[in-house]
Amino acid sequence: MINRIKALFAARPAAGEAEAGRHSHDELQLAAAALLVEAASLDGHYGDAEQAAIDTLLRQRFGLNDAEARDLHDLAVAEQSEANQLLGFTRVIKDRYSPEERVELIEMAWEVAYADGELHDHEANLLRRLGGLLYVSDRERGEARKRVLARLEQS
């Protein structure tokens with residue numbers, strides 16, 4: 001799985017292959033994980049709460065076991081720290097994912113941003129930028145945030 005994920009950004013999609021909603025699970029997993037790591041690290045404190053939230057989201061949303069989630073998380077951390085991949089990851093998502101999938105990624109990013117119990121200015125800024133880069137409207141981004149806050153209140 002990890003080798004297929006690493007090859008994701010080395011290859012360009014063939015003509016007509018980059019239709020919204022047409023992508024591999026590996027692509028979705030790495031792009032989501034990388035964006036979640038970016039969201040978690042922007043406040044300057046990448047703590048246990050954020051790491052646990054990312055691992056939980058990866059397991060729940062993608063049906064990964066603990067080892068697979070940890071491997072994907074570690075790869076996303078490495079990718080994120082090597083260079084500023086935000087534009088590359090968002091381009092893959094924008095080009096290949098359906099609008100519903102893009103909103104789901106925004107919602108996942110909100111969950112990570114609130115994992116430590118506080119939304120920092122840098123995290124809020126990232127979510128605004130992600131919304132624009134992923135073509136998710138302010139309304140949809142706000143609704144995703146409300147869903148996350150409602151879930152957090154219930155727990």
# chains A, B, ... in the order shown; residues from 1 in each chain; ligands from 1
>>> select_by_dssp(residues="chain A", states="alpha helix (DSSP H)", output="VMD selection string")
chain A and resid 2 to 6 25 to 41 48 to 62 66 to 82 86 to 96 99 to 113 121 to 133 138 to 154
>>> residues_around(residues="Leu86 in chain A", least_positions_apart="5", cutoff="9 Å", atoms="only C-alpha atoms", output="list in words")
Ala34, Leu35, Glu38, Gln80, Arg91 and Leu130 of chain A
>>> residues_around(residues="Leu64 in chain A", least_positions_apart="4", cutoff="12 Å", atoms="only C-alpha atoms", output="compact mmCIF listing (two decimals) with C-alpha atoms, in the first residue's frame")
# COMPACT_ATOMS: atom_id res chain seq x y z
CA MET A 1 0.00 0.00 0.00
CA HIS A 25 -8.38 4.68 -2.38
CA ASP A 26 -4.64 5.18 -1.91
CA GLN A 29 -6.01 8.30 1.83
CA ASP A 55 -5.27 8.05 13.30
CA THR A 56 -8.89 7.62 14.38
CA LEU A 57 -10.20 9.43 11.29
CA LEU A 58 -8.00 7.35 9.00
CA ARG A 59 -9.18 4.11 10.59
CA GLN A 60 -12.86 5.10 10.61
CA GLU A 68 -2.03 0.78 8.26
CA ALA A 69 -3.34 4.00 9.79
CA ARG A 70 -0.03 4.59 11.57
CA ASP A 71 1.99 3.88 8.39
CA LEU A 72 -0.19 6.25 6.37
CA HIS A 73 0.07 8.89 9.09
>>> atom_distance(atom1="CA of Ile106 in chain A", atom2="CA of Arg141 in chain A")
6.7 Å
>>> atom_distance(atom1="CA of Val92 in chain A", atom2="CA of Ala150 in chain A")
29.6 Å
>>> atom_distance(atom1="CA of Ala40 in chain A", atom2="CA of Val112 in chain A")
6.0 Å
>>> residues_around(residues="Lys94 in chain A", least_positions_apart="3", cutoff="8 Å", atoms="only C-alpha atoms", output="list in words")
Ala20, Thr90, Arg91, Tyr97, Ser98, Arg102, Leu133, Leu134 and Tyr135 of chain A
